[in-house]
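Asker: Provided below: query_10.cif, containing mmCIF, C-alpha atoms.
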data_work
loop_
_atom_site.label_atom_id
_atom_site.label_comp_id
_atom_site.auth_asym_id
_atom_site.auth_seq_id
_atom_site.Cartn_x
_atom_site.Cartn_y
_atom_site.Cartn_z
CA MET A 11 28.14 -3.02 202.10
CA ILE A 12 29.27 -2.13 198.57
CA ARG A 13 28.80 1.47 197.51
CA LEU A 14 28.47 2.26 193.82
CA ARG A 15 30.02 5.39 192.41
CA TYR A 16 28.48 6.98 189.39
CA ARG A 17 30.50 9.22 187.03
CA LYS A 18 28.74 12.32 186.01
CA GLY A 19 27.93 12.19 182.28
CA VAL A 20 27.84 15.00 179.72
CA THR A 21 24.62 16.86 179.89
CA LEU A 22 22.75 18.06 176.85
CA LEU A 23 23.48 21.66 177.82
CA GLU A 24 27.23 21.00 177.93
CA LEU A 25 27.07 19.29 174.54
CA VAL A 26 25.20 22.23 173.01
CA LEU A 27 27.71 24.68 174.49
CA PHE A 28 30.63 22.64 173.11
CA ILE A 29 29.12 22.56 169.62
CA ALA A 30 28.44 26.31 169.78
CA ILE A 31 32.01 27.10 170.86
CA LEU A 32 33.43 24.78 168.19
CA GLY A 33 31.27 26.47 165.57
CA MET A 34 32.53 29.91 166.60
CA VAL A 35 36.14 28.74 166.43
CA MET A 36 35.60 27.28 162.94
CA VAL A 37 33.97 30.51 161.77
CA PHE A 38 37.25 32.32 162.43
CA LEU A 39 39.60 29.45 161.59
CA ILE A 40 38.28 28.46 158.14
CA PRO A 41 38.67 31.95 156.55
CA PHE A 42 42.16 32.15 158.04
CA MET A 43 43.07 28.77 156.52
CA VAL A 44 41.59 29.77 153.14
CA PHE A 45 43.42 33.10 153.21
CA SER A 46 46.71 31.40 154.09
CA GLY A 47 46.27 28.91 151.25
CA GLU A 48 45.35 31.63 148.74
CA ASN A 49 48.24 33.81 149.86
CA GLN A 50 50.65 30.92 149.37
CA ARG A 51 49.29 30.21 145.87
CA LYS A 52 49.49 33.92 145.02
CA GLN A 53 53.12 33.97 146.06
CA GLN A 54 53.77 30.90 143.91
CA ALA A 55 52.03 32.52 140.92
CA LEU A 56 53.99 35.73 141.43
CA ALA A 57 57.29 33.84 141.64
CA SER A 58 56.32 31.88 138.52
CA ILE A 59 55.65 34.98 136.41
CA GLN A 60 58.84 36.62 137.66
CA GLU A 61 60.74 33.48 136.66
CA ALA A 62 59.06 33.44 133.22
CA GLY A 63 59.98 37.09 132.62
CA ALA A 64 63.59 36.51 133.66
CA SER A 65 63.71 33.48 131.33
CA VAL A 66 62.51 35.61 128.40
CA LEU A 67 65.16 38.25 129.04
CA GLN A 68 67.80 35.53 129.29
CA GLY A 69 66.62 33.86 126.05
CA VAL A 70 66.54 37.12 124.11
CA GLY A 71 69.92 38.13 125.54
CA ARG A 72 71.50 34.85 124.47
CA ARG A 73 70.27 35.29 120.91
CA LEU A 74 71.47 38.88 120.85
CA ARG A 75 74.94 37.79 121.91
CA ASP A 76 75.03 35.47 118.88
CA ALA A 77 73.74 38.17 116.52
CA GLU A 78 75.76 40.16 114.00
CA ARG A 79 73.20 42.82 113.13
CA ILE A 80 69.72 44.05 114.00
CA GLN A 81 67.71 43.73 110.80
CA TYR A 82 64.47 45.09 112.27
CA PRO A 83 63.44 47.56 113.62
CA PRO A 84 65.60 49.97 111.61
CA LEU A 85 68.13 52.26 113.24
CA GLN A 86 66.54 54.59 115.85
CA GLU A 87 63.06 53.17 115.22
CA THR A 88 60.57 51.14 117.28
CA GLY A 89 58.67 47.98 116.39
CA SER A 90 56.90 44.93 117.80
CA VAL A 91 59.10 42.39 115.99
CA LEU A 92 62.82 41.81 116.44
CA ALA A 93 64.79 40.38 113.51
CA LEU A 94 68.47 39.48 113.90
CA GLN A 95 71.18 38.49 111.46
CA THR A 96 73.39 35.70 112.81
CA ALA A 97 76.56 34.01 111.62
CA PHE A 98 75.02 30.53 111.69
CA THR A 99 72.99 29.23 108.76
CA GLU A 100 70.57 27.26 110.93
CA THR A 101 69.59 30.37 112.95
CA ASP A 102 69.85 33.12 110.30
CA PRO A 103 67.69 35.10 110.54
CA THR A 104 66.27 34.91 114.05
CA VAL A 105 62.87 36.58 114.47
CA ILE A 106 61.29 37.19 117.90
CA ALA A 107 57.67 38.33 118.23
CA VAL A 108 54.33 37.71 119.89
CA SER A 109 52.19 35.05 118.23
CA GLY A 110 48.72 34.78 119.73
CA SER A 111 49.45 35.37 123.40
CA SER A 112 52.89 33.72 123.47
CA LEU A 113 56.35 35.01 122.70
CA ILE A 114 58.16 32.91 120.10
CA ALA A 115 61.54 32.81 118.41
CA ILE A 116 61.85 31.64 114.80
CA GLU A 117 65.39 30.61 113.95
CA ARG A 118 65.41 30.33 110.18
CA THR A 119 62.50 27.83 109.97
CA SER A 120 62.52 26.34 113.51
CA ILE A 121 60.05 27.74 116.06
CA PHE A 122 60.67 27.94 119.81
CA ALA A 123 58.26 29.09 122.53
CA LEU A 124 59.90 31.56 124.92
CA THR A 125 56.98 31.67 127.37
CA PRO A 126 54.87 28.96 129.05
CA PRO A 127 51.33 28.42 127.67
CA ASP A 128 49.59 29.81 130.78
CA VAL A 129 51.30 33.21 130.50
CA ILE A 130 49.97 36.01 128.29
CA VAL A 131 52.46 38.40 126.67
CA ARG A 132 51.41 41.86 125.55
CA ASN A 133 52.97 45.17 124.50
CA PHE A 134 56.20 43.64 123.21
CA VAL A 135 58.16 46.70 122.08
CA ILE A 136 61.71 46.91 120.72
CA THR A 137 63.52 50.18 120.24
CA ASN A 138 66.64 50.08 118.09
CA THR A 139 68.90 52.47 120.00
CA SER A 140 71.95 51.79 117.79
CA VAL A 141 74.17 54.71 116.87
CA SER A 142 75.57 52.95 113.79
CA ALA A 143 75.62 49.59 111.98
CA THR A 144 78.70 48.55 113.94
CA ARG A 145 77.66 49.93 117.33
CA GLN A 146 74.27 48.38 117.93
CA SER A 147 72.01 48.25 120.95
CA LEU A 148 68.32 47.97 121.73
CA HIS A 149 65.80 48.51 124.49
CA LEU A 150 63.22 45.79 125.09
CA GLN A 151 60.03 45.96 127.12
CA PHE A 152 56.96 43.75 127.44
CA GLU A 153 54.08 42.91 129.76
CA MET A 154 53.22 39.47 131.13
CA GLU A 155 50.00 38.31 132.80
CA ARG A 156 49.18 35.09 134.59
CA GLU A 157 45.87 34.12 136.18
CA TYR A 158 45.56 32.30 139.49
CA PRO A 159 42.41 30.13 139.90
CA LEU A 160 41.57 30.74 143.55
CA VAL A 161 38.39 31.40 145.53
CA GLN A 162 38.76 35.05 144.61
CA SER A 163 40.25 34.57 141.16
CA GLY A 164 42.46 37.24 139.65
CA SER A 165 45.69 37.71 137.76
CA PHE A 166 49.17 39.11 138.15
CA VAL A 167 50.49 41.59 135.59
CA ARG A 168 54.18 42.46 135.50
CA ASN A 169 56.23 44.72 133.25
CA PHE A 170 59.74 43.76 132.20
CA GLU A 171 62.37 45.76 130.38
CA SER A 172 66.07 45.67 129.67
CA THR A 173 68.74 47.18 127.46
CA PHE A 174 71.14 45.04 125.43
CA THR A 175 74.34 45.88 123.58
CA LEU A 176 75.57 43.82 120.64
CA PHE A 177 79.26 43.16 120.10
CA PRO A 178 79.27 42.07 116.46
CA SER A 179 82.35 41.47 114.37
CA ASP A 180 83.25 44.13 111.83
CA VAL A 181 83.29 41.38 109.18
CA THR A 182 79.93 39.58 109.07
CA VAL A 183 79.31 36.15 107.56
CA GLY A 184 75.54 35.88 107.89
CA ASN A 185 72.97 36.89 105.26
CA SER A 186 75.07 35.40 102.47
CA CYS A 187 72.48 36.18 99.80
CA GLY A 188 72.27 39.84 100.77
CA CYS A 189 68.71 40.34 102.03
CA VAL A 190 68.26 44.10 102.27
CA GLN A 191 66.42 46.28 104.76
CA ASN A 192 63.21 46.20 102.70
CA ASP A 193 63.10 42.40 103.06
CA PHE A 194 62.44 42.92 106.80
CA ARG A 195 59.38 45.08 107.10
CA CYS A 196 55.96 45.56 108.62
CA ASN A 197 53.70 46.12 105.61
CA PRO A 198 50.58 48.38 105.47
CA GLN A 199 48.43 45.38 106.46
CA ASN A 200 50.45 45.12 109.71
CA VAL A 201 51.99 41.81 108.68
CA PHE A 202 55.69 41.30 109.19
CA ARG A 203 57.60 39.74 106.30
CA TRP A 204 61.25 38.77 106.19
CA GLY A 205 63.77 37.25 103.84
CA VAL A 206 65.59 33.92 104.25
CA CYS A 207 68.69 32.94 102.29
CA SER A 208 68.30 29.86 100.11
CA GLY A 209 70.74 30.64 97.33
CA THR A 210 68.84 33.90 96.90
CA CYS A 211 66.81 35.99 99.31
CA ASN A 212 63.34 34.42 99.44
CA ALA A 213 60.35 35.68 101.40
CA ASN A 214 59.49 33.57 104.43
CA GLN A 215 56.00 32.10 104.17
CA ARG A 216 55.15 32.55 107.84
CA ALA A 217 53.36 35.78 108.68
CA LEU A 218 53.50 37.58 112.02
CA VAL A 219 51.21 40.36 113.14
CA CYS A 220 53.14 43.54 113.82
CA ALA A 221 52.42 47.04 115.01
CA PRO A 222 53.32 49.92 112.70
CA ASN A 223 56.28 52.08 113.75
#
If you took the structure in this file and wrote it as structure tokens, what would it be?

Answerer:
Amino acid sequence: MIRLRYRKGVTLLELVLFIAILGMVMVFLIPFMVFSGENQRKQQALASIQEAGASVLQGVGRRLRDAERIQYPPLQETGSVLALQTAFTETDPTVIAVSGSSLIAIERTSIFALTPPDVIVRNFVITNTSVSATRQSLHLQFEMEREYPLVQSGSFVRNFESTFTLFPSDVTVGNSCGCVQNDFRCNPQNVFRWGVCSGTCNANQRALVCAPN
């Protein structure tokens, strides 16, 4: 006689219990996964803004090493625009300032972005700490902000600052037409104007917003 064996199937109660337990696990697991993903993206955004700030300091430092004189701000004064005299015609003068929300460098007539487009730069302040025309230094500080588009969106804000010392030659070769201090100024309308040598000292046509000293 052949005996049949029947395997016990899954009952409806067991299925309901399994779904309930799975649901409880997912309730705790999904927020953890979202938090882990957001935390990773936050760390990436933080590293990115730190890298952007370090790149700005490096770019400004490189231009300062090539500079002969600080044209603006004047000795022992503070401003929101940095103007440098250099020994090279194609970069003389070099002007660094905030335009819109980006930090830019204008080397004679060429424009270079010093910050990526998704970073906002604010409170760009230069203090000319020089003790004389031949012993020049400055203190630079600025604020950078970058948003991170996550479930709980927000932004990172970081402050950067550094001090630089120039080592210019006693005999300068830049500014061949003799642009004077008054050719580099923030006027009463808070517009920065500067002179460019083209045979004579001519006013640059580009205008930058500046903060009064």

Asker: Could you list as a list of chain:residue names every residue that has an atom within 7 Å of (63.7, 47.6, 120.1), using the file's coordinates and counting all atoms listed in the file?

Answerer: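 Collected hits near the coordinates: A:Pro83, A:Thr88, A:Gly89, A:Leu92, A:Val135, A:Ile136, A:Thr137, A:Asn138, A:Leu148, A:His149, A:Leu150.
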
Asker: Please indicate the distance in Å from CA of Gln191 (chain A) to CA of Ile114 (chain A), rounded to one decimal place.

Answerer: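 Value for the CA of Gln191 (chain A)-CA of Ile114 (chain A) distance: 22.0 Å.
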
Asker: Decode the PyMOL selection byres ((chain A and resi 205) around 12) for the given file into explicit residues and return them as a ChimeraX atom specification.

Answerer: /A:81-82,93-95,102-105,118-119,185-195,202-204,206-217

Asker: Which value, in Å to one decimal, gives the distance between CA of Gln146 (chain A) and CA of Glu117 (chain A)?

Answerer: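 Pair CA of Gln146 (chain A) / CA of Glu117 (chain A) returns 20.3 Å.
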
Asker: What's the separation between CA of Gln151 (chain A) and CA of Phe170 (chain A), in Å to one decimal place?

Answerer: 5.5 Å

Asker: Can you list, as JSON, numbers by chain, the residues that the PyMOL selection byres ((chain A and resi 183) around 6) selects here?

Answerer: {"A": [97, 182, 184]}

Asker: Considering all atoms listed in the file, state which residue in the set A:Thr139, A:Thr125, A:Asn133, A:Ser112 is at the smallest distance from Ser58 (chain A).

Answerer: A:Thr125

Asker: Could you tell me, as a list in words, exactly which residues end up selected when the PyMOL selection byres ((chain A and resi 130) around 9) is applied to this structure?

Answerer: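 That expression, the PyMOL selection byres ((chain A and resi 130) around 9), corresponds here to Gly110, Ser111, Ser112, Leu113, Thr125, Pro126, Pro127, Asp128, Val129, Val131, Arg132, Glu153, Met154, Glu155 and Arg156 of chain A.
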
Asker: Kindly list the centre and edge lengths in Å, rounded to one decimal, for the axis-aligned box that covers all listed atoms of region 126-130 of chain A plus 8 Å on each of its six sides, as JSON.

Answerer:
{"center_x": 52.2, "center_y": 32.2, "center_z": 129.2, "size_x": 21.3, "size_y": 23.6, "size_z": 19.1}

Asker: Rank A:Ile80, A:Ala64, A:Ser109, A:Arg73 by their smallest atom-to-atom distance to Asn169 (chain A), using only C-alpha atoms, and report the top residue only.

Answerer: A:Ala64

Asker: What's the 8 Å shell around Gly71 (chain A), counting only C-alpha atoms, without same-chain residues fewer than 4 positions away, as a list of chain:residue names?

Answerer: A:Leu67, A:Arg75, A:Phe174

Asker: Would you please work out which residue, of A:Met34, A:Val26, A:Ile59, A:Ala221, is nearest to Phe166 (chain A) when using all atoms listed in the file?

Answerer: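 Answer, going by the shortest atom-to-atom distance: A:Ile59.
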
Asker: May I ask you to restore N, CA and C atoms in region 85-106 of chain A and write the result as a compact mmCIF listing (two decimals), in the frame of the given file?

Answerer:
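Saved file rebuild33.txt follows:
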# COMPACT_ATOMS: atom_id res chain seq x y z
N LEU A 85 67.36 51.40 112.34
CA LEU A 85 68.13 52.26 113.24
C LEU A 85 67.26 53.39 113.80
N GLN A 86 67.26 53.53 115.14
CA GLN A 86 66.54 54.59 115.85
C GLN A 86 65.03 54.51 115.70
N GLU A 87 64.50 53.34 115.36
CA GLU A 87 63.06 53.17 115.22
C GLU A 87 62.56 52.11 116.21
N THR A 88 61.22 52.05 116.33
CA THR A 88 60.57 51.14 117.28
C THR A 88 59.64 50.19 116.53
N GLY A 89 59.56 48.95 117.00
CA GLY A 89 58.67 47.98 116.39
C GLY A 89 58.25 46.91 117.38
N SER A 90 57.38 46.02 116.94
CA SER A 90 56.90 44.93 117.80
C SER A 90 57.49 43.58 117.40
N VAL A 91 58.42 43.61 116.45
CA VAL A 91 59.10 42.39 115.99
C VAL A 91 60.60 42.68 115.99
N LEU A 92 61.37 41.70 116.45
CA LEU A 92 62.82 41.81 116.44
C LEU A 92 63.39 40.79 115.46
N ALA A 93 64.15 41.26 114.48
CA ALA A 93 64.79 40.38 113.51
C ALA A 93 66.30 40.57 113.59
N LEU A 94 67.02 39.45 113.71
CA LEU A 94 68.47 39.48 113.90
C LEU A 94 69.18 38.69 112.81
N GLN A 95 70.30 39.22 112.36
CA GLN A 95 71.18 38.49 111.46
C GLN A 95 72.22 37.76 112.31
N THR A 96 72.40 36.47 112.06
CA THR A 96 73.39 35.70 112.81
C THR A 96 74.40 35.09 111.85
N ALA A 97 75.49 34.59 112.43
CA ALA A 97 76.56 34.01 111.62
C ALA A 97 76.33 32.54 111.31
N PHE A 98 75.26 31.95 111.86
CA PHE A 98 75.02 30.53 111.69
C PHE A 98 73.83 30.30 110.76
N THR A 99 74.02 29.46 109.76
CA THR A 99 72.99 29.23 108.76
C THR A 99 71.69 28.74 109.37
N GLU A 100 71.78 27.86 110.37
CA GLU A 100 70.57 27.26 110.93
C GLU A 100 69.76 28.25 111.77
N THR A 101 70.32 29.38 112.14
CA THR A 101 69.59 30.37 112.95
C THR A 101 69.44 31.71 112.25
N ASP A 102 69.88 31.83 111.01
CA ASP A 102 69.85 33.12 110.30
C ASP A 102 68.69 33.17 109.31
N PRO A 103 67.77 34.11 109.46
CA PRO A 103 67.69 35.10 110.54
C PRO A 103 66.94 34.53 111.74
N THR A 104 67.05 35.22 112.85
CA THR A 104 66.27 34.91 114.05
C THR A 104 65.24 36.02 114.25
N VAL A 105 63.97 35.62 114.33
CA VAL A 105 62.87 36.58 114.47
C VAL A 105 62.15 36.29 115.79
N ILE A 106 61.96 37.32 116.61
CA ILE A 106 61.29 37.19 117.90
C ILE A 106 60.07 38.11 117.91
